[in-house]
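Okay, structure first, notes after.
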Amino acid sequence: MFIDGRTIAGQSAIETDVAIIGAGAAGITLARELAGTSWRVALIESGNFDLDDDTQALYDGESGAVDYPLAESRLRYFGGTTNHWGGWCRPLMPIDFEGRPALGIPAWPIGRADLDPHYRRAADACQLNSADFDDPATWQSRTGKPALELPDDDLVTRFFLYSPPTRFGETYRDQVDKASNVTTYLNSNVLEIVPNAEGEQVERLTIATLAGNRFEIRPRICILATGGIENARLLLASDSVQSSGLGNGHDLVGRYFMEHVTPPGQVAAIAATDETVIPFYYVHTPNIGNVAMRAVFMPSDDYLRRENRFSASLSIYEAHAPGDKSKGGDPKLEPGLLEMLRSMGAAKGPAGGMIYGVACATEPQPLADNRVTLSAARDALSMRKPRLTWRPTQAERDSLYQNLMSLARSFGRWHCAVQVAIPNQADWQDAEIGWGNHHMGTTRMSTDPTQGVVDADCKVHGIANLYIAGSSVFPSCGPVNPTLTIVALAMRLADHLKTNRMQG
Amino acid sequence: MTRHISRRAAIAGLAAALALQLPHHAMAGTSELSETLLSVVDDRRAAAAIGEFWIQHKRGGGPNPASLVNNLADMLHAQGWSGSSDPAELRRLFDAAARADYQRGETVTVAGWQLARSQANLCALAYFSTAGLL
């Protein structure tokens, strides 16, 4: 059932078993998982079924260091940011959970094996029609082309699967509507999560609509699922009992913001004398037996450990004939380059060849100073706006450069040449900083309350009935898109609640 | 009055000066050897464009034309070259040399392209040859 919050009488107090704040990938997944249980579930969404400018403006904020588009990088209506996501899916690697202290990357308190069953179900929720992310043999048999095995194994092939992309709001609206125990409150903005006087238990949620009415929801269990910026913002703004905000006893809420830097355009080019060397599924996104897939290059686990580097996802995003100026090719050098490669190849190939553009997403370094705080400015509901201070580090850039040099050494031994388009030992220039609109890490997971905001069950340390869902709990994030992991973690949280809290 | 000398003219001058210091038989041998090495290159002008770009943008100047030929020959000898002028064998040996360069990290940067040193040297040789600097 859907209820427009603007129709609720002012000062109403609604009792519920579980309140889920935010109806994006995590919130809708939780609602679906809790549908059909004996719990009364309240799903609280700021927006309606379509984009509304006034509601979207509640996402406005300030940014420092890098000028970051806080409002444009997310969507505030039913379905959340899945209403414009690109659909790239793959799980984090086991190494991503293990931590690499030399790089300041903490270990997760859970491992990949803990998420594997949920990843398989998350793949279904994202309509991938497969969960074969890591087995090149599978894709060799299904495409008839073996994956590239680069010399030295410094770089290896990994597979992304593509969601249609699933718009969680559209796709699951009927299911959520028909769930008899789930009530979705639209146009309803949570202004504060109010705990008891001791700050150990959430008592109520203060909710307002842009039409002016206010009401409360009183949950037994509260799950915050509003995304990597808003989760931190709402905890920090919930300061009527604890002045530093909820769950912020160790000044961690909002810190360790992470984002995947994706420099605009190509970071490298590969010149190949034989265009059949690189299988088609590295260059395009074919539909293989109803599964949209694509292969990319990523540093191997051994390489990352040995070289102490941040990871990256290197994907081929375009191909052009040598010297094609319309595609940014160099007509003076590229044909000669291909000729030289052909001349020096062990077996002289036919004329032609191809130049491939390479794009990347880089693994971020979790830094305490990259953070979400509250600005002095206020939004239309008098809530303090978020302020994001973020700048990628030179260490991330150095790793990217070295990863590209590994790509050059590996492909060089294959009669190809690689052009590295970023200079060595330089810091990021603003024009080079693009991003994936992935907001992560601001309420990160740790068993130690001095190191993280939530525990391994995604429960906020020190607060008995407050949980967090979404990418804000990621202590690290590899170089891959977060949605699949967000959905898997939400499923895991739902299982935890059903197993451990249903009788409470 | 200030005279501007282009890098190209400077390189030509350097090559000419070095050539004057070499005995005639050495020059003849160098020329013959360079032609043997360049026999693997079908489009010498295209490869020369790479070599020219590298030399003109290389810090500290480009390789010495005469020693370049000997370096390339030494590199092939290290791969087991018997002195044969068979293009197929030369191509195989150049390929092995380039792979070895990449494995050792012996690469140079030409307009951002990461090339094996042996590849860049062959392109430089193509440039010297087409520019008449050998």
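Residue numbers start at 1 in each chain; chains themselves are named A, B, ... in the order of the structure tokens; ligands are numbered from 1 in the order shown.
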Check: which chain A residues lie within 12 Å of chain B using only C-alpha atoms, as a PyMOL selection string: chain A and resi 151-152+154+267-271+323+330-351+355+401-402+404-424
As a ChimeraX atom specification, please: the residues near Leu400 (chain A) (cut-off 9 Å, only C-alpha atoms, same-chain neighbours under 2 positions excluded). /A:309-312,360,362-363,395-398,402-405,422
Save out the residues we just selected, N, CA and C atoms, as a PDB file, in the first residue's frame.
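Full text of out-v8.pdb as output:
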```pdb
ATOM      1  N   ARG A 309      49.473  -1.623  -4.583  1.00  0.00           N
ATOM      2  CA  ARG A 309      48.808  -0.627  -5.430  1.00  0.00           C
ATOM      3  C   ARG A 309      47.297  -0.706  -5.248  1.00  0.00           C
ATOM      4  N   PHE A 310      46.666   0.419  -5.507  1.00  0.00           N
ATOM      5  CA  PHE A 310      45.211   0.421  -5.572  1.00  0.00           C
ATOM      6  C   PHE A 310      44.798  -0.210  -6.899  1.00  0.00           C
ATOM      7  N   SER A 311      43.656  -0.824  -6.866  1.00  0.00           N
ATOM      8  CA  SER A 311      43.197  -1.540  -8.051  1.00  0.00           C
ATOM      9  C   SER A 311      42.551  -0.574  -9.049  1.00  0.00           C
ATOM     10  N   ALA A 312      42.223  -1.103 -10.190  1.00  0.00           N
ATOM     11  CA  ALA A 312      41.524  -0.325 -11.220  1.00  0.00           C
ATOM     12  C   ALA A 312      40.781  -1.289 -12.126  1.00  0.00           C
ATOM     13  N   CYS A 360      38.873   3.944 -17.402  1.00  0.00           N
ATOM     14  CA  CYS A 360      39.171   3.269 -16.141  1.00  0.00           C
ATOM     15  C   CYS A 360      38.277   3.768 -15.022  1.00  0.00           C
ATOM     16  N   THR A 362      39.029   3.801 -10.763  1.00  0.00           N
ATOM     17  CA  THR A 362      40.113   3.493  -9.837  1.00  0.00           C
ATOM     18  C   THR A 362      39.573   3.190  -8.445  1.00  0.00           C
ATOM     19  N   GLU A 363      40.276   2.318  -7.765  1.00  0.00           N
ATOM     20  CA  GLU A 363      39.939   2.022  -6.368  1.00  0.00           C
ATOM     21  C   GLU A 363      40.353   3.218  -5.508  1.00  0.00           C
ATOM     22  N   ALA A 395      48.293   9.096  -4.391  1.00  0.00           N
ATOM     23  CA  ALA A 395      48.588   7.654  -4.352  1.00  0.00           C
ATOM     24  C   ALA A 395      47.664   6.885  -5.294  1.00  0.00           C
ATOM     25  N   GLU A 396      46.403   7.301  -5.370  1.00  0.00           N
ATOM     26  CA  GLU A 396      45.478   6.645  -6.309  1.00  0.00           C
ATOM     27  C   GLU A 396      45.949   6.871  -7.741  1.00  0.00           C
ATOM     28  N   ARG A 397      46.396   8.093  -8.010  1.00  0.00           N
ATOM     29  CA  ARG A 397      46.819   8.419  -9.362  1.00  0.00           C
ATOM     30  C   ARG A 397      48.091   7.670  -9.734  1.00  0.00           C
ATOM     31  N   ASP A 398      49.024   7.606  -8.776  1.00  0.00           N
ATOM     32  CA  ASP A 398      50.258   6.870  -9.043  1.00  0.00           C
ATOM     33  C   ASP A 398      49.955   5.404  -9.346  1.00  0.00           C
ATOM     34  N   GLN A 402      50.834   3.306 -12.743  1.00  0.00           N
ATOM     35  CA  GLN A 402      51.593   2.051 -12.732  1.00  0.00           C
ATOM     36  C   GLN A 402      50.761   0.897 -13.290  1.00  0.00           C
ATOM     37  N   ASN A 403      49.478   0.898 -13.012  1.00  0.00           N
ATOM     38  CA  ASN A 403      48.618  -0.145 -13.581  1.00  0.00           C
ATOM     39  C   ASN A 403      48.599  -0.048 -15.109  1.00  0.00           C
ATOM     40  N   LEU A 404      48.592   1.170 -15.611  1.00  0.00           N
ATOM     41  CA  LEU A 404      48.606   1.348 -17.071  1.00  0.00           C
ATOM     42  C   LEU A 404      49.957   0.928 -17.655  1.00  0.00           C
ATOM     43  N   MET A 405      51.037   1.169 -16.911  1.00  0.00           N
ATOM     44  CA  MET A 405      52.346   0.708 -17.388  1.00  0.00           C
ATOM     45  C   MET A 405      52.394  -0.827 -17.415  1.00  0.00           C
ATOM     46  N   ILE A 422      48.198   9.559 -19.177  1.00  0.00           N
ATOM     47  CA  ILE A 422      48.388  10.439 -18.019  1.00  0.00           C
ATOM     48  C   ILE A 422      49.872  10.426 -17.663  1.00  0.00           C
TER      49      ILE A 422
END
```
Which residues, written as a list of chain:residue names, have at least one atom at most 9 Å from Leu43 (chain A), with only C-alpha atoms counted and residues fewer than 5 positions away on the same chain left out? A:Val18, A:Ala19, A:Ile20, A:Ile21, A:Gly22, A:Ala23, A:Gly27, A:Ile28, A:Ala31, A:Val182, A:Thr183, A:Thr184, A:Tyr185, A:Leu186
Secondary structure check, alpha helix (DSSP H) residues of region 21-126 of chain B, as a ChimeraX atom specification: /B:21,24-38,44-57,65-78,87-104,117-126
Tell me which protein, DNA and RNA residues are within 10 Å of Gly247 (chain A), counting only C-alpha atoms, leaving out same-chain ones fewer than 2 positions away, and put them as a ChimeraX atom specification. /A:199-200,232,235-236,238,242,244-245,249-253,443,449,452-454,459-463,466
